[in-house]
>>> print(open('model-v8.tsv').read())   # TSV, N, CA and C atoms
chain	number	residue	atom	x	y	z
A	1	MET	N	0.84	-1.18	0.00
A	1	MET	CA	0.00	0.00	0.00
A	1	MET	C	0.89	1.25	0.00
A	2	SER	N	0.62	2.17	-0.90
A	2	SER	CA	1.43	3.37	-0.98
A	2	SER	C	0.95	4.43	0.00
A	3	GLN	N	1.89	5.23	0.44
A	3	GLN	CA	1.59	6.31	1.37
A	3	GLN	C	1.10	7.52	0.58
A	4	THR	N	0.04	8.13	1.07
A	4	THR	CA	-0.49	9.33	0.44
A	4	THR	C	0.38	10.52	0.80
A	5	LYS	N	0.67	11.34	-0.21
A	5	LYS	CA	1.41	12.58	0.01
A	5	LYS	C	0.51	13.73	-0.39
A	6	LYS	N	0.68	14.84	0.31
A	6	LYS	CA	-0.12	16.03	0.02
A	6	LYS	C	0.80	17.19	-0.26
A	7	VAL	N	0.42	17.97	-1.26
A	7	VAL	CA	1.16	19.20	-1.56
A	7	VAL	C	0.16	20.31	-1.83
A	8	VAL	N	0.59	21.52	-1.58
A	8	VAL	CA	-0.13	22.70	-2.02
A	8	VAL	C	0.77	23.41	-3.01
A	9	PHE	N	0.17	24.25	-3.84
A	9	PHE	CA	1.01	24.97	-4.80
A	9	PHE	C	0.53	26.40	-4.94
A	10	CYS	N	1.43	27.22	-5.42
A	10	CYS	CA	1.11	28.58	-5.78
A	10	CYS	C	1.72	28.86	-7.14
A	11	THR	N	1.15	29.84	-7.83
A	11	THR	CA	1.68	30.25	-9.11
A	11	THR	C	1.93	31.75	-9.08
A	12	LEU	N	2.94	32.16	-9.82
A	12	LEU	CA	3.25	33.58	-9.94
A	12	LEU	C	3.99	33.79	-11.23
A	13	GLN	N	4.12	35.04	-11.60
A	13	GLN	CA	4.88	35.37	-12.80
A	13	GLN	C	5.64	36.66	-12.58
A	14	PHE	N	6.69	36.84	-13.37
A	14	PHE	CA	7.46	38.08	-13.32
A	14	PHE	C	8.11	38.31	-14.68
A	15	GLU	N	8.30	39.57	-14.99
A	15	GLU	CA	8.91	39.98	-16.25
A	15	GLU	C	10.40	40.15	-16.04
A	16	ALA	N	11.20	39.59	-16.96
A	16	ALA	CA	12.65	39.69	-16.80
A	16	ALA	C	13.35	39.46	-18.13
A	17	VAL	N	14.62	39.83	-18.15
A	17	VAL	CA	15.49	39.50	-19.28
A	17	VAL	C	16.56	38.54	-18.79
A	18	HIS	N	17.03	37.72	-19.71
A	18	HIS	CA	18.17	36.86	-19.43
A	18	HIS	C	18.85	36.53	-20.75
A	19	CYS	N	19.94	35.78	-20.67
A	19	CYS	CA	20.67	35.40	-21.87
A	19	CYS	C	21.39	34.08	-21.63
A	20	TRP	N	21.85	33.48	-22.72
A	20	TRP	CA	22.65	32.26	-22.67
A	20	TRP	C	23.92	32.55	-23.46
A	21	PRO	N	24.89	33.18	-22.83
A	21	PRO	CA	26.07	33.64	-23.56
A	21	PRO	C	26.87	32.51	-24.21
A	22	ASN	N	26.80	31.30	-23.69
A	22	ASN	CA	27.56	30.18	-24.23
A	22	ASN	C	26.76	29.30	-25.16
A	23	CYS	N	25.68	29.83	-25.71
A	23	CYS	CA	24.84	29.05	-26.63
A	23	CYS	C	25.70	28.57	-27.81
A	24	HIS	N	25.70	27.28	-28.02
A	24	HIS	CA	26.49	26.68	-29.09
A	24	HIS	C	25.64	26.27	-30.30
A	25	ILE	N	24.36	26.60	-30.26
A	25	ILE	CA	23.44	26.21	-31.33
A	25	ILE	C	23.19	27.42	-32.21
A	26	GLU	N	23.72	27.42	-33.41
A	26	GLU	CA	23.63	28.59	-34.28
A	26	GLU	C	22.20	28.98	-34.62
A	27	ASP	N	21.30	28.01	-34.73
A	27	ASP	CA	19.90	28.31	-35.08
A	27	ASP	C	19.21	29.20	-34.04
A	28	VAL	N	19.71	29.17	-32.82
A	28	VAL	CA	19.14	30.01	-31.75
A	28	VAL	C	20.23	30.89	-31.13
A	29	SER	N	21.16	31.32	-31.94
A	29	SER	CA	22.28	32.13	-31.45
A	29	SER	C	21.82	33.46	-30.85
A	30	PHE	N	20.60	33.89	-31.18
A	30	PHE	CA	20.05	35.12	-30.58
A	30	PHE	C	19.92	35.01	-29.07
A	31	LEU	N	19.93	33.79	-28.53
A	31	LEU	CA	19.83	33.59	-27.09
A	31	LEU	C	21.07	34.08	-26.35
A	32	ARG	N	22.14	34.35	-27.09
A	32	ARG	CA	23.39	34.84	-26.47
A	32	ARG	C	23.23	36.26	-25.93
A	33	VAL	N	22.29	37.00	-26.46
A	33	VAL	CA	22.07	38.37	-25.99
A	33	VAL	C	20.80	38.42	-25.13
A	34	LYS	N	20.74	39.43	-24.28
A	34	LYS	CA	19.59	39.53	-23.38
A	34	LYS	C	18.30	39.67	-24.17
A	35	HIS	N	17.29	38.94	-23.71
A	35	HIS	CA	15.97	38.96	-24.32
A	35	HIS	C	14.93	38.81	-23.22
A	36	ARG	N	13.73	39.30	-23.48
A	36	ARG	CA	12.67	39.40	-22.48
A	36	ARG	C	11.73	38.20	-22.51
A	37	HIS	N	11.28	37.84	-21.32
A	37	HIS	CA	10.24	36.80	-21.16
A	37	HIS	C	9.33	37.19	-20.00
A	38	MET	N	8.15	36.60	-20.00
A	38	MET	CA	7.33	36.52	-18.79
A	38	MET	C	7.65	35.14	-18.22
A	39	PHE	N	8.28	35.12	-17.06
A	39	PHE	CA	8.61	33.86	-16.40
A	39	PHE	C	7.43	33.46	-15.52
A	40	HIS	N	7.00	32.23	-15.66
A	40	HIS	CA	5.89	31.68	-14.88
A	40	HIS	C	6.44	30.62	-13.93
A	41	VAL	N	6.04	30.71	-12.68
A	41	VAL	CA	6.53	29.80	-11.64
A	41	VAL	C	5.35	29.07	-11.03
A	42	LYS	N	5.51	27.77	-10.82
A	42	LYS	CA	4.54	26.98	-10.06
A	42	LYS	C	5.36	26.24	-9.01
A	43	ALA	N	5.07	26.55	-7.74
A	43	ALA	CA	5.86	26.03	-6.63
A	43	ALA	C	5.00	25.14	-5.75
A	44	PHE	N	5.53	23.97	-5.40
A	44	PHE	CA	4.80	22.97	-4.63
A	44	PHE	C	5.47	22.76	-3.28
A	45	ALA	N	4.66	22.80	-2.21
A	45	ALA	CA	5.16	22.56	-0.85
A	45	ALA	C	4.42	21.36	-0.26
A	46	GLU	N	5.17	20.46	0.34
A	46	GLU	CA	4.54	19.31	0.99
A	46	GLU	C	3.84	19.77	2.26
A	47	VAL	N	2.67	19.22	2.51
A	47	VAL	CA	1.93	19.51	3.73
A	47	VAL	C	1.59	18.20	4.44
A	48	ASN	N	1.34	18.31	5.74
A	48	ASN	CA	1.10	17.12	6.56
A	48	ASN	C	-0.33	16.99	7.03
A	49	HIS	N	-1.13	18.05	6.85
A	49	HIS	CA	-2.53	17.97	7.26
A	49	HIS	C	-3.37	18.85	6.34
A	50	ASP	N	-4.68	18.86	6.56
A	50	ASP	CA	-5.62	19.51	5.66
A	50	ASP	C	-6.00	20.93	6.05
A	51	ASP	N	-5.31	21.52	7.01
A	51	ASP	CA	-5.71	22.84	7.48
A	51	ASP	C	-4.60	23.87	7.27
A	52	ARG	N	-4.26	24.09	6.03
A	52	ARG	CA	-3.30	25.11	5.63
A	52	ARG	C	-1.97	24.99	6.38
A	53	ASP	N	-1.41	23.81	6.34
A	53	ASP	CA	-0.08	23.57	6.88
A	53	ASP	C	0.90	24.59	6.30
A	54	VAL	N	0.78	24.85	5.01
A	54	VAL	CA	1.49	25.93	4.33
A	54	VAL	C	0.42	26.74	3.61
A	55	GLU	N	0.32	28.01	3.92
A	55	GLU	CA	-0.71	28.85	3.30
A	55	GLU	C	-0.18	29.32	1.95
A	56	PHE	N	-0.87	28.96	0.87
A	56	PHE	CA	-0.31	29.19	-0.46
A	56	PHE	C	-0.30	30.64	-0.90
A	57	ILE	N	-1.21	31.47	-0.42
A	57	ILE	CA	-1.15	32.90	-0.75
A	57	ILE	C	0.10	33.51	-0.10
A	58	TRP	N	0.34	33.15	1.15
A	58	TRP	CA	1.54	33.62	1.84
A	58	TRP	C	2.81	33.14	1.12
A	59	LEU	N	2.82	31.87	0.71
A	59	LEU	CA	3.97	31.31	0.01
A	59	LEU	C	4.23	32.08	-1.28
A	60	LYS	N	3.19	32.35	-2.03
A	60	LYS	CA	3.33	33.12	-3.27
A	60	LYS	C	3.97	34.48	-3.01
A	61	ARG	N	3.49	35.16	-1.99
A	61	ARG	CA	4.05	36.48	-1.65
A	61	ARG	C	5.51	36.38	-1.25
A	62	GLN	N	5.85	35.36	-0.47
A	62	GLN	CA	7.24	35.19	-0.04
A	62	GLN	C	8.17	34.94	-1.22
A	63	ILE	N	7.75	34.09	-2.14
A	63	ILE	CA	8.57	33.80	-3.32
A	63	ILE	C	8.70	35.04	-4.19
A	64	SER	N	7.60	35.75	-4.40
A	64	SER	CA	7.63	36.98	-5.21
A	64	SER	C	8.59	38.01	-4.62
A	65	GLU	N	8.51	38.22	-3.33
A	65	GLU	CA	9.40	39.18	-2.67
A	65	GLU	C	10.85	38.74	-2.78
A	66	TRP	N	11.11	37.47	-2.61
A	66	TRP	CA	12.47	36.95	-2.70
A	66	TRP	C	13.05	37.15	-4.09
A	67	ILE	N	12.26	36.87	-5.12
A	67	ILE	CA	12.72	37.06	-6.50
A	67	ILE	C	13.05	38.53	-6.74
A	68	GLN	N	12.19	39.43	-6.26
A	68	GLN	CA	12.40	40.86	-6.46
A	68	GLN	C	13.67	41.36	-5.78
A	69	THR	N	14.09	40.72	-4.70
A	69	THR	CA	15.30	41.16	-4.02
A	69	THR	C	16.54	40.42	-4.53
A	70	LYS	N	16.37	39.26	-5.10
A	70	LYS	CA	17.51	38.45	-5.57
A	70	LYS	C	18.13	39.04	-6.84
A	71	TYR	N	17.31	39.56	-7.73
A	71	TYR	CA	17.79	40.03	-9.03
A	71	TYR	C	17.65	41.54	-9.13
A	72	PRO	N	18.60	42.19	-9.82
A	72	PRO	CA	18.51	43.65	-9.96
A	72	PRO	C	17.39	44.07	-10.93
A	73	MET	N	16.86	45.23	-10.69
A	73	MET	CA	15.83	45.81	-11.54
A	73	MET	C	16.50	46.65	-12.63
A	74	THR	N	16.04	46.53	-13.85
A	74	THR	CA	16.58	47.35	-14.93
A	74	THR	C	15.93	48.72	-14.90
A	75	GLU	N	16.49	49.63	-15.65
A	75	GLU	CA	15.91	50.97	-15.74
A	75	GLU	C	14.54	50.95	-16.41
A	76	PHE	N	14.20	49.84	-17.07
A	76	PHE	CA	12.92	49.72	-17.77
A	76	PHE	C	11.85	49.05	-16.93
A	77	GLY	N	12.18	48.67	-15.69
A	77	GLY	CA	11.17	48.15	-14.77
A	77	GLY	C	10.99	46.65	-14.77
A	78	TYR	N	11.94	45.91	-15.32
A	78	TYR	CA	11.88	44.46	-15.22
A	78	TYR	C	13.20	43.93	-14.67
A	79	LEU	N	13.19	42.71	-14.22
A	79	LEU	CA	14.37	42.13	-13.59
A	79	LEU	C	15.40	41.70	-14.62
A	80	ASP	N	16.66	41.73	-14.22
A	80	ASP	CA	17.75	41.26	-15.07
A	80	ASP	C	18.33	40.01	-14.43
A	81	LEU	N	18.07	38.86	-15.03
A	81	LEU	CA	18.52	37.58	-14.50
A	81	LEU	C	19.92	37.22	-14.97
A	82	GLY	N	20.48	38.01	-15.87
A	82	GLY	CA	21.80	37.67	-16.41
A	82	GLY	C	21.72	36.34	-17.15
A	83	PRO	N	22.71	35.45	-16.94
A	83	PRO	CA	22.71	34.17	-17.64
A	83	PRO	C	21.93	33.07	-16.92
A	84	THR	N	21.04	33.43	-16.03
A	84	THR	CA	20.30	32.45	-15.22
A	84	THR	C	19.27	31.71	-16.06
A	85	SER	N	19.26	30.39	-15.96
A	85	SER	CA	18.33	29.54	-16.70
A	85	SER	C	17.09	29.23	-15.88
A	86	CYS	N	16.08	28.70	-16.54
A	86	CYS	CA	14.86	28.24	-15.84
A	86	CYS	C	15.21	27.17	-14.81
A	87	GLU	N	16.14	26.28	-15.17
A	87	GLU	CA	16.55	25.23	-14.25
A	87	GLU	C	17.16	25.81	-12.97
A	88	THR	N	17.99	26.84	-13.13
A	88	THR	CA	18.63	27.47	-11.97
A	88	THR	C	17.61	28.20	-11.11
A	89	ILE	N	16.71	28.94	-11.75
A	89	ILE	CA	15.66	29.65	-10.99
A	89	ILE	C	14.84	28.66	-10.17
A	90	ALA	N	14.41	27.57	-10.81
A	90	ALA	CA	13.60	26.56	-10.12
A	90	ALA	C	14.36	25.94	-8.96
A	91	THR	N	15.61	25.60	-9.18
A	91	THR	CA	16.43	24.99	-8.12
A	91	THR	C	16.63	25.95	-6.96
A	92	ASP	N	16.92	27.21	-7.28
A	92	ASP	CA	17.12	28.21	-6.22
A	92	ASP	C	15.86	28.40	-5.38
A	93	ILE	N	14.70	28.49	-6.03
A	93	ILE	CA	13.44	28.66	-5.30
A	93	ILE	C	13.18	27.42	-4.43
A	94	MET	N	13.35	26.24	-5.01
A	94	MET	CA	13.09	25.01	-4.27
A	94	MET	C	13.98	24.92	-3.03
A	95	ASN	N	15.25	25.20	-3.20
A	95	ASN	CA	16.18	25.10	-2.07
A	95	ASN	C	15.93	26.19	-1.02
A	96	HIS	N	15.68	27.41	-1.45
A	96	HIS	CA	15.48	28.51	-0.50
A	96	HIS	C	14.24	28.31	0.36
A	97	PHE	N	13.17	27.79	-0.25
A	97	PHE	CA	11.91	27.66	0.47
A	97	PHE	C	11.60	26.24	0.94
A	98	GLY	N	12.51	25.30	0.72
A	98	GLY	CA	12.29	23.93	1.17
A	98	GLY	C	11.12	23.26	0.49
A	99	LEU	N	10.96	23.52	-0.81
A	99	LEU	CA	9.84	22.98	-1.56
A	99	LEU	C	10.17	21.61	-2.13
A	100	VAL	N	9.15	20.93	-2.64
A	100	VAL	CA	9.36	19.59	-3.19
A	100	VAL	C	9.36	19.57	-4.72
A	101	ARG	N	8.83	20.63	-5.34
A	101	ARG	CA	8.81	20.69	-6.79
A	101	ARG	C	8.61	22.15	-7.20
A	102	VAL	N	9.32	22.56	-8.25
A	102	VAL	CA	9.15	23.90	-8.79
A	102	VAL	C	9.24	23.82	-10.31
A	103	GLU	N	8.31	24.47	-10.96
A	103	GLU	CA	8.30	24.58	-12.41
A	103	GLU	C	8.54	26.04	-12.78
A	104	VAL	N	9.40	26.29	-13.74
A	104	VAL	CA	9.62	27.64	-14.24
A	104	VAL	C	9.60	27.56	-15.76
A	105	ASN	N	8.78	28.40	-16.37
A	105	ASN	CA	8.74	28.41	-17.83
A	105	ASN	C	8.77	29.82	-18.37
A	106	GLU	N	9.13	29.92	-19.63
A	106	GLU	CA	9.19	31.19	-20.33
A	106	GLU	C	7.94	31.35	-21.19
A	107	ASP	N	7.18	32.38	-20.92
A	107	ASP	CA	6.02	32.74	-21.73
A	107	ASP	C	4.97	31.63	-21.82
A	108	ASN	N	4.91	30.79	-20.79
A	108	ASN	CA	3.97	29.66	-20.76
A	108	ASN	C	4.18	28.70	-21.93
A	109	GLU	N	5.42	28.61	-22.40
A	109	GLU	CA	5.71	27.73	-23.54
A	109	GLU	C	6.72	26.64	-23.19
A	110	ASN	N	7.91	27.04	-22.79
A	110	ASN	CA	9.01	26.10	-22.58
A	110	ASN	C	9.64	26.39	-21.22
A	111	GLY	N	10.10	25.34	-20.56
A	111	GLY	CA	10.69	25.59	-19.26
A	111	GLY	C	11.30	24.36	-18.65
A	112	ALA	N	11.42	24.40	-17.34
A	112	ALA	CA	12.07	23.34	-16.58
A	112	ALA	C	11.27	22.99	-15.35
A	113	ILE	N	11.42	21.75	-14.92
A	113	ILE	CA	10.81	21.28	-13.68
A	113	ILE	C	11.91	20.61	-12.86
A	114	VAL	N	12.01	20.99	-11.60
A	114	VAL	CA	12.91	20.31	-10.67
A	114	VAL	C	12.08	19.79	-9.50
A	115	TRP	N	12.45	18.64	-8.96
A	115	TRP	CA	11.70	18.08	-7.86
A	115	TRP	C	12.59	17.18	-7.02
A	116	LYS	N	12.14	17.00	-5.80
A	116	LYS	CA	12.80	16.06	-4.91
A	116	LYS	C	12.28	14.67	-5.22
A	117	GLU	N	13.12	13.70	-5.05
A	117	GLU	CA	12.74	12.33	-5.34
A	117	GLU	C	11.47	11.96	-4.57
A	118	GLY	N	10.56	11.30	-5.23
A	118	GLY	CA	9.31	10.90	-4.62
A	118	GLY	C	8.16	11.86	-4.90
A	119	PHE	N	8.45	12.97	-5.60
A	119	PHE	CA	7.40	13.93	-5.93
A	119	PHE	C	7.34	14.10	-7.40
>>> encode(input="model-v8.tsv", output="structure tokens")
Amino acid sequence: MSQTKKVVFCTLQFEAVHCWPNCHIEDVSFLRVKHRHMFHVKAFAEVNHDDRDVEFIWLKRQISEWIQTKYPMTEFGYLDLGPTSCETIATDIMNHFGLVRVEVNEDNENGAIVWKEGF
């Protein structure tokens, strides 16, 4: 018999630029220079009971505030992630907040998912 696991999740988005300076694929060489995306995050926290063990509105606010302080703001009003990838953003959020799974995608199209084993 398998053990039931429970998670709650929150979603958020933020506008930012990033780049992949070491891109070795000529067909997408434009990724070497900074370009803009709407980054979408879905963060999952394990819970142990049914009464808001982790309050997801609060979690969303905490992650949003952390992102805003982690990365510098450009003069145009969006964040500058530098060479940071979706995989790195997801891993950083998961580790900082002790989460079990984090998804980060660009423009609701392509992205990365990181998770702890068993989730």
>>> closest_residue(input="model-v8.tsv", among="A:Ser29, A:Thr11, A:Gly111, A:Lys5", to="Lys60 of chain A", atoms="only N, CA and C atoms")
A:Thr11
>>> residues_around(input="model-v8.tsv", residues="Arg32 of chain A", least_positions_apart="4", cutoff="7 Å", atoms="only C-alpha atoms", output="list of chain:residue names")
A:Cys19, A:Trp20, A:Pro21, A:Asn22, A:Cys23
>>> residues_around(input="model-v8.tsv", residues="Glu106 of chain A", least_positions_apart="2", cutoff="7 Å", atoms="only C-alpha atoms", output="PyMOL selection string")
chain A and resi 37-40+108-111
>>> residues_around(input="model-v8.tsv", residues="Trp115 of chain A", least_positions_apart="6", cutoff="6 Å", atoms="all atoms listed in the file", output="PyMOL selection string")
chain A and resi 100-102
>>> atom_distance(input="model-v8.tsv", atom1="atom CA of Val41 of chain A", atom2="atom C of Ser2 of chain A")
28.5 Å
>>> atom_distance(input="model-v8.tsv", atom1="atom N of Lys34 of chain A", atom2="atom CA of Gly77 of chain A")
16.1 Å
>>> atom_distance(input="model-v8.tsv", atom1="atom C of Asp51 of chain A", atom2="atom CA of Asn95 of chain A")
22.8 Å
>>> closest_residue(input="model-v8.tsv", among="A:Thr84, A:His49, A:Phe30, A:His18", to="Lys6 of chain A", atoms="only N, CA and C atoms")
A:His49
>>> closest_residue(input="model-v8.tsv", among="A:Phe44, A:Phe97, A:Val33, A:Phe76", to="Val8 of chain A", atoms="all atoms listed in the file")
A:Phe44
>>> closest_residue(input="model-v8.tsv", among="A:Val104, A:Leu81, A:Ala112, A:Met94", to="Glu15 of chain A", atoms="only N, CA and C atoms")
A:Leu81
>>> select_by_dssp(input="model-v8.tsv", residues="chain A", states="helix (DSSP H, G or I)", output="NGL selection string")
:A and (26-32 or 56-70 or 86-97)
>>> write_last_selection(input="model-v8.tsv", atoms="N, CA and C atoms", output="compact mmCIF listing (two decimals), in the coordinates of the input")
# COMPACT_ATOMS: atom_id res chain seq x y z
N GLU A 26 23.72 27.42 -33.41
CA GLU A 26 23.63 28.59 -34.28
C GLU A 26 22.20 28.98 -34.62
N ASP A 27 21.30 28.01 -34.73
CA ASP A 27 19.90 28.31 -35.08
C ASP A 27 19.21 29.20 -34.04
N VAL A 28 19.71 29.17 -32.82
CA VAL A 28 19.14 30.01 -31.75
C VAL A 28 20.23 30.89 -31.13
N SER A 29 21.16 31.32 -31.94
CA SER A 29 22.28 32.13 -31.45
C SER A 29 21.82 33.46 -30.85
N PHE A 30 20.60 33.89 -31.18
CA PHE A 30 20.05 35.12 -30.58
C PHE A 30 19.92 35.01 -29.07
N LEU A 31 19.93 33.79 -28.53
CA LEU A 31 19.83 33.59 -27.09
C LEU A 31 21.07 34.08 -26.35
N ARG A 32 22.14 34.35 -27.09
CA ARG A 32 23.39 34.84 -26.47
C ARG A 32 23.23 36.26 -25.93
N PHE A 56 -0.87 28.96 0.87
CA PHE A 56 -0.31 29.19 -0.46
C PHE A 56 -0.30 30.64 -0.90
N ILE A 57 -1.21 31.47 -0.42
CA ILE A 57 -1.15 32.90 -0.75
C ILE A 57 0.10 33.51 -0.10
N TRP A 58 0.34 33.15 1.15
CA TRP A 58 1.54 33.62 1.84
C TRP A 58 2.81 33.14 1.12
N LEU A 59 2.82 31.87 0.71
CA LEU A 59 3.97 31.31 0.01
C LEU A 59 4.23 32.08 -1.28
N LYS A 60 3.19 32.35 -2.03
CA LYS A 60 3.33 33.12 -3.27
C LYS A 60 3.97 34.48 -3.01
N ARG A 61 3.49 35.16 -1.99
CA ARG A 61 4.05 36.48 -1.65
C ARG A 61 5.51 36.38 -1.25
N GLN A 62 5.85 35.36 -0.47
CA GLN A 62 7.24 35.19 -0.04
C GLN A 62 8.17 34.94 -1.22
N ILE A 63 7.75 34.09 -2.14
CA ILE A 63 8.57 33.80 -3.32
C ILE A 63 8.70 35.04 -4.19
N SER A 64 7.60 35.75 -4.40
CA SER A 64 7.63 36.98 -5.21
C SER A 64 8.59 38.01 -4.62
N GLU A 65 8.51 38.22 -3.33
CA GLU A 65 9.40 39.18 -2.67
C GLU A 65 10.85 38.74 -2.78
N TRP A 66 11.11 37.47 -2.61
CA TRP A 66 12.47 36.95 -2.70
C TRP A 66 13.05 37.15 -4.09
N ILE A 67 12.26 36.87 -5.12
CA ILE A 67 12.72 37.06 -6.50
C ILE A 67 13.05 38.53 -6.74
N GLN A 68 12.19 39.43 -6.26
CA GLN A 68 12.40 40.86 -6.46
C GLN A 68 13.67 41.36 -5.78
N THR A 69 14.09 40.72 -4.70
CA THR A 69 15.30 41.16 -4.02
C THR A 69 16.54 40.42 -4.53
N LYS A 70 16.37 39.26 -5.10
CA LYS A 70 17.51 38.45 -5.57
C LYS A 70 18.13 39.04 -6.84
N CYS A 86 16.08 28.70 -16.54
CA CYS A 86 14.86 28.24 -15.84
C CYS A 86 15.21 27.17 -14.81
N GLU A 87 16.14 26.28 -15.17
CA GLU A 87 16.55 25.23 -14.25
C GLU A 87 17.16 25.81 -12.97
N THR A 88 17.99 26.84 -13.13
CA THR A 88 18.63 27.47 -11.97
C THR A 88 17.61 28.20 -11.11
N ILE A 89 16.71 28.94 -11.75
CA ILE A 89 15.66 29.65 -10.99
C ILE A 89 14.84 28.66 -10.17
N ALA A 90 14.41 27.57 -10.81
CA ALA A 90 13.60 26.56 -10.12
C ALA A 90 14.36 25.94 -8.96
N THR A 91 15.61 25.60 -9.18
CA THR A 91 16.43 24.99 -8.12
C THR A 91 16.63 25.95 -6.96
N ASP A 92 16.92 27.21 -7.28
CA ASP A 92 17.12 28.21 -6.22
C ASP A 92 15.86 28.40 -5.38
N ILE A 93 14.70 28.49 -6.03
CA ILE A 93 13.44 28.66 -5.30
C ILE A 93 13.18 27.42 -4.43
N MET A 94 13.35 26.24 -5.01
CA MET A 94 13.09 25.01 -4.27
C MET A 94 13.98 24.92 -3.03
N ASN A 95 15.25 25.20 -3.20
CA ASN A 95 16.18 25.10 -2.07
C ASN A 95 15.93 26.19 -1.02
N HIS A 96 15.68 27.41 -1.45
CA HIS A 96 15.48 28.51 -0.50
C HIS A 96 14.24 28.31 0.36
N PHE A 97 13.17 27.79 -0.25
CA PHE A 97 11.91 27.66 0.47
C PHE A 97 11.60 26.24 0.94
>>> closest_residue(input="model-v8.tsv", among="A:Leu99, A:Val28, A:Asp107, A:Val17", to="Gly82 of chain A", atoms="all atoms listed in the file")
A:Val17
>>> axis_aligned_box(input="model-v8.tsv", around="segment 88-96 of chain A", padding_each_side="6 Å", output="JSON")
{"center_x": 15.9, "center_y": 27.3, "center_z": -6.4, "size_x": 17.5, "size_y": 16.7, "size_z": 25.5}
>>> residues_around(input="model-v8.tsv", residues="segment 54-59 of chain A", least_positions_apart="5", cutoff="9 Å", atoms="only C-alpha atoms", output="PyMOL selection string")
chain A and resi 7-11+43+45-47+64+97
>>> write_last_selection(input="model-v8.tsv", atoms="N, CA and C atoms", output="PDB file, keeping the file's coordinate frame")
ATOM      1  N   VAL A   7       0.420  17.970  -1.260  1.00  0.00           N
ATOM      2  CA  VAL A   7       1.160  19.200  -1.560  1.00  0.00           C
ATOM      3  C   VAL A   7       0.160  20.310  -1.830  1.00  0.00           C
ATOM      4  N   VAL A   8       0.590  21.520  -1.580  1.00  0.00           N
ATOM      5  CA  VAL A   8      -0.130  22.700  -2.020  1.00  0.00           C
ATOM      6  C   VAL A   8       0.770  23.410  -3.010  1.00  0.00           C
ATOM      7  N   PHE A   9       0.170  24.250  -3.840  1.00  0.00           N
ATOM      8  CA  PHE A   9       1.010  24.970  -4.800  1.00  0.00           C
ATOM      9  C   PHE A   9       0.530  26.400  -4.940  1.00  0.00           C
ATOM     10  N   CYS A  10       1.430  27.220  -5.420  1.00  0.00           N
ATOM     11  CA  CYS A  10       1.110  28.580  -5.780  1.00  0.00           C
ATOM     12  C   CYS A  10       1.720  28.860  -7.140  1.00  0.00           C
ATOM     13  N   THR A  11       1.150  29.840  -7.830  1.00  0.00           N
ATOM     14  CA  THR A  11       1.680  30.250  -9.110  1.00  0.00           C
ATOM     15  C   THR A  11       1.930  31.750  -9.080  1.00  0.00           C
ATOM     16  N   ALA A  43       5.070  26.550  -7.740  1.00  0.00           N
ATOM     17  CA  ALA A  43       5.860  26.030  -6.630  1.00  0.00           C
ATOM     18  C   ALA A  43       5.000  25.140  -5.750  1.00  0.00           C
ATOM     19  N   ALA A  45       4.660  22.800  -2.210  1.00  0.00           N
ATOM     20  CA  ALA A  45       5.160  22.560  -0.850  1.00  0.00           C
ATOM     21  C   ALA A  45       4.420  21.360  -0.260  1.00  0.00           C
ATOM     22  N   GLU A  46       5.170  20.460   0.340  1.00  0.00           N
ATOM     23  CA  GLU A  46       4.540  19.310   0.990  1.00  0.00           C
ATOM     24  C   GLU A  46       3.840  19.770   2.260  1.00  0.00           C
ATOM     25  N   VAL A  47       2.670  19.220   2.510  1.00  0.00           N
ATOM     26  CA  VAL A  47       1.930  19.510   3.730  1.00  0.00           C
ATOM     27  C   VAL A  47       1.590  18.200   4.440  1.00  0.00           C
ATOM     28  N   SER A  64       7.600  35.750  -4.400  1.00  0.00           N
ATOM     29  CA  SER A  64       7.630  36.980  -5.210  1.00  0.00           C
ATOM     30  C   SER A  64       8.590  38.010  -4.620  1.00  0.00           C
ATOM     31  N   PHE A  97      13.170  27.790  -0.250  1.00  0.00           N
ATOM     32  CA  PHE A  97      11.910  27.660   0.470  1.00  0.00           C
ATOM     33  C   PHE A  97      11.600  26.240   0.940  1.00  0.00           C
TER      34      PHE A  97
END
